[in-house]
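**Student:** What follows is the file protein_32.json, containing JSON, C-alpha atoms:
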[["chain", "number", "residue", "atom", "x", "y", "z"],
["A", 1, "MET", "CA", 18.56, -9.21, -14.14],
["A", 2, "LYS", "CA", 15.40, -8.56, -16.12],
["A", 3, "LYS", "CA", 14.51, -5.17, -17.53],
["A", 4, "LEU", "CA", 12.47, -3.22, -15.00],
["A", 5, "SER", "CA", 8.88, -2.40, -15.91],
["A", 6, "ASP", "CA", 7.75, 1.22, -15.80],
["A", 7, "ILE", "CA", 5.77, 0.70, -12.59],
["A", 8, "ASN", "CA", 8.81, -0.93, -10.95],
["A", 9, "LYS", "CA", 10.92, 2.07, -11.94],
["A", 10, "ARG", "CA", 8.35, 4.49, -10.50],
["A", 11, "PHE", "CA", 7.93, 2.44, -7.32],
["A", 12, "LEU", "CA", 11.69, 2.38, -6.79],
["A", 13, "ALA", "CA", 11.91, 6.10, -7.66],
["A", 14, "VAL", "CA", 9.58, 6.84, -4.76],
["A", 15, "LEU", "CA", 11.77, 4.85, -2.38],
["A", 16, "LYS", "CA", 14.86, 6.64, -3.65],
["A", 17, "GLU", "CA", 13.19, 10.07, -3.47],
["A", 18, "LYS", "CA", 12.05, 9.35, 0.09],
["A", 19, "ASN", "CA", 15.43, 7.86, 1.05],
["A", 20, "MET", "CA", 13.63, 4.69, 2.13],
["A", 21, "PRO", "CA", 15.73, 1.51, 2.03],
["A", 22, "PRO", "CA", 13.82, -1.80, 2.07],
["A", 23, "TYR", "CA", 14.42, -2.45, 5.76],
["A", 24, "LYS", "CA", 13.00, 0.96, 6.72],
["A", 25, "LEU", "CA", 9.97, 0.40, 4.50],
["A", 26, "GLU", "CA", 9.44, -2.96, 6.18],
["A", 27, "GLU", "CA", 9.67, -1.39, 9.63],
["A", 28, "ALA", "CA", 7.31, 1.44, 8.73],
["A", 29, "THR", "CA", 4.67, -0.50, 6.80],
["A", 30, "GLY", "CA", 5.13, -4.20, 7.49],
["A", 31, "LEU", "CA", 5.85, -4.71, 3.78],
["A", 32, "ASN", "CA", 8.31, -7.57, 3.38],
["A", 33, "ARG", "CA", 11.67, -6.26, 2.20],
["A", 34, "GLN", "CA", 12.02, -9.26, -0.12],
["A", 35, "ILE", "CA", 9.23, -7.74, -2.21],
["A", 36, "VAL", "CA", 11.36, -4.65, -2.78],
["A", 37, "TYR", "CA", 14.42, -6.74, -3.61],
["A", 38, "ASN", "CA", 12.35, -8.70, -6.14],
["A", 39, "LEU", "CA", 11.12, -5.43, -7.67],
["A", 40, "ARG", "CA", 14.68, -4.15, -7.96],
["A", 41, "ALA", "CA", 15.70, -7.37, -9.67],
["A", 42, "GLY", "CA", 12.79, -7.13, -12.09],
["A", 43, "LYS", "CA", 11.40, -10.47, -10.93],
["A", 44, "ASN", "CA", 7.88, -9.13, -10.67],
["A", 45, "ASP", "CA", 5.76, -5.98, -10.70],
["A", 46, "PRO", "CA", 4.35, -4.64, -7.44],
["A", 47, "SER", "CA", 1.00, -6.13, -6.52],
["A", 48, "ARG", "CA", -2.03, -3.91, -5.99],
["A", 49, "GLU", "CA", -1.60, -4.47, -2.25],
["A", 50, "THR", "CA", 2.06, -3.40, -2.39],
["A", 51, "VAL", "CA", 1.20, -0.26, -4.35],
["A", 52, "ASN", "CA", -1.61, 0.57, -1.91],
["A", 53, "THR", "CA", 0.74, 0.08, 1.03],
["A", 54, "LEU", "CA", 3.22, 2.52, -0.47],
["A", 55, "LEU", "CA", 0.51, 5.06, -1.31],
["A", 56, "ALA", "CA", -0.99, 4.79, 2.18],
["A", 57, "TYR", "CA", 2.39, 5.44, 3.78],
["A", 58, "PHE", "CA", 3.43, 8.21, 1.37],
["A", 59, "SER", "CA", 0.14, 10.05, 1.01],
["A", 60, "ASP", "CA", 1.78, 12.85, -0.99],
["A", 61, "ILE", "CA", 2.55, 10.51, -3.91],
["A", 62, "ASN", "CA", 0.23, 10.80, -6.91],
["A", 63, "PRO", "CA", -1.52, 7.41, -7.45],
["A", 64, "ASP", "CA", -1.98, 8.17, -11.17],
["A", 65, "TRP", "CA", 1.73, 8.78, -11.54],
["A", 66, "LEU", "CA", 2.70, 5.64, -9.64],
["A", 67, "ASN", "CA", 0.22, 3.35, -11.39],
["A", 68, "LEU", "CA", 0.05, 4.86, -14.87],
["A", 69, "GLY", "CA", 2.91, 7.32, -15.21],
["A", 70, "LYS", "CA", 0.48, 10.23, -15.59],
["A", 71, "GLY", "CA", 1.14, 13.59, -13.98],
["A", 72, "ASN", "CA", 3.78, 14.40, -11.39],
["A", 73, "MET", "CA", 5.23, 12.15, -8.73],
["A", 74, "TYR", "CA", 3.77, 14.35, -6.02],
["A", 75, "LEU", "CA", 0.19, 15.41, -5.57],
["A", 76, "ASN", "CA", -0.24, 19.19, -5.71],
["A", 77, "THR", "CA", 3.37, 19.97, -6.52],
["A", 78, "GLU", "CA", 2.74, 23.68, -6.06],
["A", 79, "LYS", "CA", 1.94, 23.32, -2.37],
["A", 80, "ASN", "CA", 3.07, 20.16, -0.66],
["A", 81, "PHE", "CA", 2.44, 20.64, 3.03],
["A", 82, "ILE", "CA", 5.28, 18.55, 4.36],
["A", 83, "ILE", "CA", 6.17, 18.70, 8.01],
["A", 84, "HIS", "CA", 9.94, 18.79, 8.34],
["A", 85, "GLU", "CA", 11.74, 17.63, 11.45],
["A", 86, "ASP", "CA", 13.30, 21.05, 11.82],
["A", 87, "LYS", "CA", 9.87, 22.72, 11.44],
["A", 88, "PRO", "CA", 7.35, 20.52, 13.24],
["A", 89, "ASN", "CA", 4.60, 23.14, 13.22],
["A", 90, "ILE", "CA", 2.99, 23.60, 9.81],
["A", 91, "LEU", "CA", 1.81, 27.07, 10.85],
["A", 92, "GLU", "CA", 5.45, 28.18, 11.01],
["A", 93, "THR", "CA", 5.77, 27.48, 7.29],
["A", 94, "TYR", "CA", 2.32, 28.31, 5.88],
["A", 95, "SER", "CA", -0.29, 30.90, 6.72],
["A", 96, "ILE", "CA", -3.70, 29.72, 7.87],
["A", 97, "ASP", "CA", -5.15, 31.17, 4.66],
["A", 98, "ASP", "CA", -2.80, 28.99, 2.57],
["A", 99, "ILE", "CA", -3.78, 25.90, 4.55],
["A", 100, "VAL", "CA", -7.51, 26.63, 4.29],
["A", 101, "SER", "CA", -7.17, 27.30, 0.54],
["A", 102, "PHE", "CA", -5.25, 24.05, 0.12],
["A", 103, "VAL", "CA", -7.92, 22.07, 1.99],
["A", 104, "ILE", "CA", -10.75, 23.67, 0.01],
["A", 105, "GLU", "CA", -9.00, 23.16, -3.34],
["A", 106, "ASN", "CA", -8.15, 19.54, -2.54],
["A", 107, "GLU", "CA", -11.13, 18.50, -0.42],
["A", 108, "LYS", "CA", -12.18, 15.57, -2.61],
["A", 109, "GLU", "CA", -8.66, 14.19, -2.95],
["A", 110, "LEU", "CA", -7.98, 14.59, 0.77],
["A", 111, "LEU", "CA", -11.25, 12.87, 1.64],
["A", 112, "LYS", "CA", -10.56, 10.06, -0.84],
["A", 113, "ASN", "CA", -7.05, 9.55, 0.51],
["A", 114, "SER", "CA", -8.35, 9.64, 4.07],
["A", 115, "LEU", "CA", -11.00, 7.01, 3.34],
["A", 116, "ILE", "CA", -8.53, 4.81, 1.46],
["A", 117, "PHE", "CA", -6.07, 5.08, 4.32],
["A", 118, "LYS", "CA", -8.71, 4.29, 6.95],
["A", 119, "GLU", "CA", -9.85, 1.27, 4.96],
["A", 120, "TYR", "CA", -6.27, 0.15, 4.54],
["A", 121, "LEU", "CA", -5.63, 0.51, 8.28],
["A", 122, "LYS", "CA", -8.69, -1.54, 9.14],
["A", 123, "LEU", "CA", -7.64, -4.31, 6.77],
["A", 124, "LYS", "CA", -4.01, -4.27, 7.76],
["A", 125, "GLU", "CA", -4.15, -3.46, 11.44],
["A", 126, "ASN", "CA", -3.65, -7.00, 12.69],
["A", 127, "GLU", "CA", -1.05, -7.79, 10.04],
["A", 128, "ALA", "CA", 0.86, -4.58, 10.78],
["A", 129, "VAL", "CA", 0.88, -5.29, 14.52],
["A", 130, "PHE", "CA", 2.05, -8.84, 13.85],
["A", 131, "ASN", "CA", 4.83, -7.65, 11.51],
["A", 132, "TYR", "CA", 5.91, -4.96, 13.94],
["A", 133, "LEU", "CA", 6.10, -7.47, 16.79],
["A", 134, "LYS", "CA", 7.92, -9.97, 14.58],
["A", 135, "THR", "CA", 10.45, -7.33, 13.53],
["A", 136, "SER", "CA", 10.91, -6.20, 17.13],
["A", 137, "LEU", "CA", 11.46, -9.78, 18.29],
["A", 138, "ASN", "CA", 13.95, -10.38, 15.48],
["A", 139, "LYS", "CA", 15.89, -7.28, 16.52],
["A", 140, "LEU", "CA", 15.92, -8.40, 20.14],
["A", 141, "SER", "CA", 17.10, -11.88, 19.26],
["A", 142, "SER", "CA", 19.93, -10.69, 16.99]]
Can the structure in the file be given as structure tokens, please?

**Tutor:**
Amino acid sequence: MKKLSDINKRFLAVLKEKNMPPYKLEEATGLNRQIVYNLRAGKNDPSRETVNTLLAYFSDINPDWLNLGKGNMYLNTEKNFIIHEDKPNILETYSIDDIVSFVIENEKELLKNSLIFKEYLKLKENEAVFNYLKTSLNKLSS
């Protein structure tokens, strides 16, 4: 096994932090699990497309941290508005003032992430549908 590059380590750290094994990542994003296995083995670094797929799916991950190792893993570590399964309503956790403040403070980043995600969805919509159907058919046939 080759020595893992820094970006491989960070990419894999995200998957570990999010408790996301390769098969779940494939189901959720259409990203081929072989890519993750190759990253783990140090065979190659993640492509720009692979990094963008991960960032689009985990929008709370800091792109600068993932790509360059700068900053924290999470965007806005002070206030990460994460919806937990046991608390599906964000208003149960945060006051409306906190949410409005968060949106105002992070407007540019939220808009940028929203635009990136929309662009990603447009580009990947057909591929994602195809991968989802392929995965579903594979499950049915096994």

**Student:** Let me make sure I understand: among A:Ser141, A:Asn106, A:Ser95, A:Ser101, which one has the smallest atom-to-atom distance to Leu75 in chain A if we use all atoms listed in the file?

**Tutor:**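 Among A:Ser141, A:Asn106, A:Ser95, A:Ser101, it is A:Asn106 that comes nearest to Leu75 in chain A.
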
**Student:** Out of A:Tyr57, A:Glu105, A:Arg48, A:Lys112, which residue has the shortest atom-to-atom distance to Glu27 in chain A when counting all atoms listed in the file?

**Tutor:**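 Ranked by minimum distance to Glu27 in chain A, first place goes to A:Tyr57.
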
**Student:** By how many Å are CA of Val103 in chain A and CA of Leu68 in chain A apart?

**Tutor:** 25.4 Å

**Student:** Have a look at A:Asn67, A:Asn62, A:Asn19, A:Ser5 and name the one nearest to Leu39 in chain A; count only C-alpha atoms.

**Tutor:**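 Once distances to Leu39 in chain A are computed over only C-alpha atoms, the minimum belongs to A:Ser5.
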
**Student:** Output, as lines of an AutoDock Vina configuration file, the centre and edge lengths in Å (one decimal) of the axis-aligned box that contains all listed atoms of range 102-116 of chain A with 5 Å of margin on each side.

**Tutor:**
center_x = -8.7
center_y = 14.4
center_z = 0.4
size_x = 16.9
size_y = 29.2
size_z = 17.4

**Student:** Using Å and a single decimal, report how far CA of Leu55 in chain A sits from CA of Asn32 in chain A.

**Tutor:**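 Computing the Euclidean distance for CA of Asn32 in chain A and CA of Leu55 in chain A yields 15.6 Å.
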
**Student:** What does the distance from CA of Ile7 in chain A to CA of Ile61 in chain A come to in Å, to one decimal?

**Tutor:** 13.5 Å

**Student:** Select, from A:Asp6, A:Glu26, A:Asp64, A:Glu17, the residue with the minimum atom-to-atom distance to Lys134 in chain A, counting all atoms listed in the file.

**Tutor:**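 Checking each of A:Asp6, A:Glu26, A:Asp64, A:Glu17 against Lys134 in chain A, counting all atoms listed in the file, the winner is A:Glu26.
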
**Student:** Ranking A:Asn44, A:Phe58, A:Asn52, A:Ser136 by minimum distance to Met20 in chain A and counting only C-alpha atoms, which one comes first?

**Tutor:**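 Ranking A:Asn44, A:Phe58, A:Asn52, A:Ser136 by distance to Met20 in chain A, first place goes to A:Phe58.
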
**Student:** Restore N, CA and C atoms in range 94-108 of chain A and list the result as a short mmCIF file (atom, residue, chain, number, x, y, z; two decimals), in the coordinates of the input.

**Tutor:**
data_model
loop_
_atom_site.label_atom_id
_atom_site.label_comp_id
_atom_site.auth_asym_id
_atom_site.auth_seq_id
_atom_site.Cartn_x
_atom_site.Cartn_y
_atom_site.Cartn_z
N TYR A 94 3.42 27.86 6.72
CA TYR A 94 2.32 28.31 5.88
C TYR A 94 1.33 29.13 6.70
N SER A 95 0.74 30.11 6.04
CA SER A 95 -0.29 30.90 6.72
C SER A 95 -1.57 30.07 6.81
N ILE A 96 -2.42 30.42 7.73
CA ILE A 96 -3.70 29.72 7.87
C ILE A 96 -4.53 29.84 6.60
N ASP A 97 -4.43 30.99 5.92
CA ASP A 97 -5.15 31.17 4.66
C ASP A 97 -4.67 30.19 3.59
N ASP A 98 -3.34 29.96 3.52
CA ASP A 98 -2.80 28.99 2.57
C ASP A 98 -3.31 27.58 2.88
N ILE A 99 -3.34 27.24 4.15
CA ILE A 99 -3.78 25.90 4.55
C ILE A 99 -5.26 25.72 4.23
N VAL A 100 -6.08 26.72 4.57
CA VAL A 100 -7.51 26.63 4.29
C VAL A 100 -7.75 26.54 2.78
N SER A 101 -7.04 27.35 2.01
CA SER A 101 -7.17 27.30 0.54
C SER A 101 -6.79 25.92 0.02
N PHE A 102 -5.69 25.37 0.54
CA PHE A 102 -5.25 24.05 0.12
C PHE A 102 -6.33 23.00 0.41
N VAL A 103 -6.89 23.04 1.61
CA VAL A 103 -7.92 22.07 1.99
C VAL A 103 -9.16 22.21 1.10
N ILE A 104 -9.58 23.44 0.86
CA ILE A 104 -10.75 23.67 0.01
C ILE A 104 -10.50 23.19 -1.42
N GLU A 105 -9.34 23.54 -1.97
CA GLU A 105 -9.00 23.16 -3.34
C GLU A 105 -8.86 21.65 -3.51
N ASN A 106 -8.47 20.96 -2.45
CA ASN A 106 -8.15 19.54 -2.54
C ASN A 106 -9.06 18.68 -1.68
N GLU A 107 -10.22 19.19 -1.35
CA GLU A 107 -11.13 18.50 -0.42
C GLU A 107 -11.44 17.07 -0.87
N LYS A 108 -11.81 16.91 -2.13
CA LYS A 108 -12.18 15.57 -2.61
C LYS A 108 -11.01 14.61 -2.53
#
